[in-house]
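**Q** The structure's right below; bear with me while I get my questions together.
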Amino acid sequence: MGGLFSISMPCDQVVNQVSQCLCTQGSYIYSLSENLAALQKGIEMLKAKRDDVQRRVCREEFTGRRERLSLVQVWLTNVLNTENKFNDLLRTNDTELQRLCLCGLCSRNVRLSYLYGKRVVLMLKEVESLSSQCEFPEVTETVSVDKVDEMPVQPTIVGQEKMLERVWTHLMEEGVEIVGMYGMGGVGKTTLLTQLNNKFYETRGGGFFEVVIWVVVSKTPEIRRIQGDIAKKLGLDGEEEWDQKDVNQRALEIHNVLRSKKFVLLLDDIWEKMNLKAVGVPHPSRQNGCKVAFTTRSREVCGRMGVDDPIQVHCLEPEEAWDLFKKKVGENTLKGHPDIPCLARKLAEKCCGLPLALNVIGETMACKRTEQEWRTAINVLSSEFSGMEDQVLSILKYSYDHLNMEQVKSCFLYCSLFPEDYRMEKERLIDYWICEGFLDENGSREIALSRGYEIIGILVRACLLLEEAINKEQVKMHDVVREMALWISSDLGKDKEKCVVQARGGLREIPRIKNWSGVTRMSLMENEIEIVSGSPECSKLTTLFLQKNDSLIHISADFFRCIPMLVVLDLSGNSSLRKLPEQISELVSLRYLDLSWTYIRRLPLGLQELKKLIHLRLDYMKRLRSVSGVSKLFSLRKLQILESKMSLDMSLMEELQLLEHLQVLNISIKSSLVVEKLLYAPRLVRCLQILVLRGLEEEESARVLALPCMDSLRKVIIRKCGMWEIKAEWKTLSLTQGFQNLSSVHISSCNGLKDLTWLLFAPNLTSLMVLDSELVEEIISREKAMSVNIIPFKKLESLRLHNLATLKSIYWVPLSFPCLKTIHVTECPELRKLPLDSQSVFRSEEFVIKYKEEEWFQRVEWDDEATRLRFLPFFKFFGPEWHVTYVR
């Protein structure tokens with residue numbers, strides 16, 4: 001063993017030397033306690049600086065005229081990330097300190113202490129760096145707000161061109177602050193005001209006005225709603241606290257913004273003097289240069305608003321009326337018989353020059369091709385009436401009388417239960433009609449829906465309903481047509497208590513009714529009723545609208561007992577309502593129940609006795625814990641539980657499978673296991689129309705979401721989910737299967753997804769929104785799509801992409817977009833190319849590309865100069881962040 005030798009050293013000395021060697025850079029171990037203390041102090045100082053910057057940002061953003069700089073937002077985000085990392089570090093600091101030995105000079109596990117100490121030192125440097133960066137000369141910048149929004153409007157009414165010019169000239173005169181236009185209902189006041197708004201749009205705010213605001217006031221003005229419309233235009237409604245503020249706080253905020261602006265306020269349909277100060281609008285004056293224009297039916301209101309020389313909007317002159325009527329009737333009908341033109345002139349005269357009547361009657365007669373039909377119409381409209389208003393209603397009633405079926409008439413009159421200017425969702429309206437028995441759903445729901453949409457089309461074409469120009473899924477009634485419908489519902493004014501409609505009436509209690517036994521329908525929505533009690537004799541009441549009474553806290557058991565024939569009960573939007581009495585079981589005829597947006601924690605056991613209930617809506621019930629027993633509602637056909645505290649779990653899924661008649665299921669899910677079970681429950685999958693997946697990121701087991709064929713699916717919302725991939729079952733899907741009815745997809749905060757290639761199997765997709773998903777690289781993956789010969793997005797109307805840091809491609813080659821209207825792109829720095837060429841977009845008159853960052857716009861790449869020149873005019877800069885509306 002002579003070739004071996006050894007060196008002997010004390011153990012402590014060896015450990016110390018090794019420890020000193022490991023800790024030469026930054027004293028990671030022996031200075032750990034001091035570094036932790038310094039880090040704690042640095043974090044506290046950084047948080048204080050963060051709070052100062054945040055308060056400064058909030059103070060400047062308060063008015064809605066400024067928004068934070070991107071550099072400031074990046075710094076605030078970095079501070080938050082550092083704070084989260086520090087909290088993680090802090091969780092194990094006691095363990096790390098206990099691991100030290102030799103008075104902190106060494107450790108029982110040198111490697112772990114070294115790594116932990118190094119993290120502390122690196123974070124300390126990070127904190128010091130962030131602290132040194134917080135001196136911002138500016139934290140916000142002025143946002144660009146569109147001066148005026150162009151509004152959809154029918155072509156200028158014959159004869160109103162001169163009136164529009166007169167109003168415009170008068171409003172622009174120096175010293176004229178308020179202009180009032182008055183005239184009877186249906187004379188075209190709203191059309192005139194809309195054209196005035198669009199004239200501001202054409203002249204870019206009249207040349208020197210900073211913002212033009214449009215507000216519909218209506219017969220029962222609500223200050224909160226009016227403030228909301230103004231705030232939306234000013235960008236104030238984006239604040240989280242806005243909804244919680246009272247009218248005085250809101251008025252102050254609006255005033256703070258408007259007092260430094262030259263604004264135009266356009267108020268449509270006011271019925272009484274409007275207190276601008278209560279809303280927050282500074283009174284227009286020569287000094288501030290602001291203007292207000294309004295429409296009303298009453299000259300007296302003009303006087304109360306301080307307008308001494310209001311402009312009267314007259315009915316059309318005979319020749320102007322005849323020109324409008326001819327347009328509505330059409331040349332082919334007028335040529336149907338030699339006598340029809342002469343008869344048509346006589347019928348036009350019966351409309352007294354009122355544009356609304358000329359439109360409605362003209363539409364009614366457009367399909368009448370025989371002389372006899374025209375003579376009959378003239379005879380019907382030849383009766384004498386006491387006053388102009390009665391005459392107008394009677395003229396309009398002729399169009400109602402010519403609705404071919406009682407079914408269509410019943411559906412039309414039902415629309416008058418909603419408040420004036422109320423936007424009615426088409427499908428919800430049809431659901432009411434189905435439950436009321438106007439539409440037969442004993443066969444297929446799809447057949448009933450189709451008939452419902454057909455009826456809406458009939459009413460729109462007859463000008464008895466107005467389809468919203470922007471949101472085609474909504475309709476509303478002209479206020480005069482609504483008056484006519486209420487007049488008809490009350491037996492032409494003879495029995496005004498037959499159909500009680502006091503929506504938006506400012507009520508604090510149930511109205512006093514002389515003859516409760518005669519009431520068939522009652523609408524008390526959007527009031528301030530606190531308690532519903534009593535036991536009136538209501539043996540004929542079939543419909544009760546109580547939605548959006550924010551103060552409603554109690555409904556008595558006795559009240560439910562006295563309405564045994566009730567078919568439709570809508571209690572949605574009553575945020576103060578915490579419970580329902582068990583005596584809801586007395587509503588043995590109930591078919592429709594909506595409890596959405598209430599704070600009810602538990603459904604009463606009596607609900608299980610409603611054996612005729614076919615429609616149950618429980619959306620946005622943030623305190624609802626259980627819907628146990630729903631399987632006992634064996635007639636149930638449509639169930640909605642979207643974005644409520646209670647979501648689909650295994651227990652509920654078992655109950656739902658017992659509902660033999662279920663046809664529609666709109667549901668939220670928060671468990672990957674439940675998703676997996678649901679998607680392989682064929683009968684429930686066939687019922688799915690709206691599917692919301694939320695918060696699945698914590699479950700490791702479901703990284704791939706495999707979607708089977710779901711032919712009924714219409715809308716998908718996926719938020720804060722951690723799956724890596726969504727894929728369709730390629731082998732079982734084809735062009736004729738998949739997601740044929742899927743029209744809307746919303747993906748947000750899904751940080752595992754890289755593409756959405758599964759959308760190839762959604763040929764009728766109209767709206768796609770992808771937000772805040774940091775790993776999305778392609779919307780359609782070129783690699784995955786190569787094996788499937790499908791061209792996507794043929795029906796796409798709206799595409800919104802926001803905060804997608806790695807997105808590089810929507811599609812790798814230009815596409816044809818026959819229906820595309822809008823592309824929104826914000827905070828997508830790597831997206832350099834849009835799938836467009838000079839032939840891509842067909843409806844160029846409606847098309848717009850909205851963007852927020854000028855730098856992104858400058859870096860957009862084009863295949864050729866022709867494409868660049870074609871699309872350059874369609875780019876529109878939007879300063880304020882656009883808002884996302886979630887499904888309701």
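Ordering of the structure tokens sets the chain letters (A, B, ...); residue numbers start at 1 within each chain; ligands are numbered from 1 in the order shown.
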Pick out the residues sitting within 9 Å of A:Ser589, and hand them over as a list of chain:residue names; count only C-alpha atoms, and ignore anything fewer than 6 positions along from it in its own chain.
**A**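 Everything that qualifies: A:Thr542, A:Pro564, A:Met565, A:Leu566, A:Val567, A:Val568, A:Leu610, A:Lys611, A:Lys612, A:Leu613.
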**Q** Could you give me, as CSV, a per-residue list for stretch 352-439 of chain A showing, wherever an atom lies at most 12 Å from an atom of stretch 637-640 of chain A, the closest pair of atoms and their distance in Å to one decimal, using only C-alpha atoms and sorting by chain then residue number from low to high?
**A**
```
residue,atom,partner,partner_atom,distance
A:Arg428,CA,A:Lys638,CA,11.6
A:Asp431,CA,A:Lys638,CA,9.4
A:Ile434,CA,A:Arg637,CA,11.2
A:Cys435,CA,A:Arg637,CA,10.7
```
**Q** Compare A:Lys233, A:Lys821, A:Arg59, A:Arg369 by their minimum atom-to-atom distance to A:Ile254, counting only C-alpha atoms, and give me the closest one.
**A**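 Looking only at the distances to A:Ile254, the closest residue turns out to be A:Lys233.
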**Q** Fewer than 6 positions away in the same chain doesn't count, so skip those; otherwise give me all residues within 8 Å of A:Glu861, counting only C-alpha atoms, as a list in words.
**A**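 Selected residues are Arg832, Lys833 and Leu834 of chain A.
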**Q** For A:Glu320, which of A:Trp433, A:Gln160, A:Val120, A:Val281 is the closest residue, counting only C-alpha atoms?
**A**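 Closest to A:Glu320 of all the choices is A:Gln160.
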**Q** Pick from A:Arg224, A:Arg68, A:Lys291, A:Lys794: nearest to A:Glu177, with only C-alpha atoms counted?
**A**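 Of A:Arg224, A:Arg68, A:Lys291, A:Lys794, the one nearest A:Glu177, counting only C-alpha atoms, is A:Lys291.
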**Q** Mind pulling up the distance from atom CA of A:Gly443 to atom CA of A:Pro682?
**A**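 Interatomic distance, atom CA of A:Pro682 to atom CA of A:Gly443: 20.4 Å.
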**Q** For stretch 592-603 of chain A, work out the shell of residues within 9 Å, counting only C-alpha atoms and skipping chain neighbours fewer than 6 positions away, then give it as JSON, numbers by chain.
**A** {"A": [431, 432, 435, 436, 547, 567, 568, 569, 570, 571, 572, 573, 574, 575, 576, 577, 578, 579, 580, 582, 612, 613, 614, 615, 616, 617, 618, 619, 620, 621, 622, 623, 624, 625, 626, 627, 628, 641, 644]}
**Q** Could you tell me how far atom CA of A:Leu316 sits from atom CA of A:Val360, in Å to one decimal place?
**A**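 These atoms are spaced 15.1 Å apart.
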**Q** What is the distance, in Å and to one decimal place, between atom CA of A:Arg375 and atom CA of A:Ala344?
**A**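 That distance, rounded to one decimal, is 9.2 Å.
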**Q** Leaving out A:Val475 and any residue of its chain fewer than 2 positions from it, which residues lie within 12 Å of it when counting only C-alpha atoms, given as a ChimeraX atom specification?
**A** /A:412,415,418,421-430,453,456-457,459-460,463-473,477-478
**Q** Counting only C-alpha atoms, which residue out of A:Val279, A:Leu122, A:Ile667, A:Leu192 sits closest to A:Glu165?
**A**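 Checking each of A:Val279, A:Leu122, A:Ile667, A:Leu192 against A:Glu165, counting only C-alpha atoms, the winner is A:Leu192.
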**Q** Under the rule that only C-alpha atoms are counted, which of A:Glu846, A:Asp711, A:Asp339, A:Glu509 is the nearest residue to A:Ile553?
**A**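 Nearest candidate to A:Ile553 out of A:Glu846, A:Asp711, A:Asp339, A:Glu509: A:Glu509.
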**Q** Which residue out of A:Glu67, A:Asp550, A:Glu537, A:Glu643 has the minimum interatomic distance to A:Arg719 when only C-alpha atoms are used?
**A**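 The closest residue to A:Arg719 is A:Glu643.
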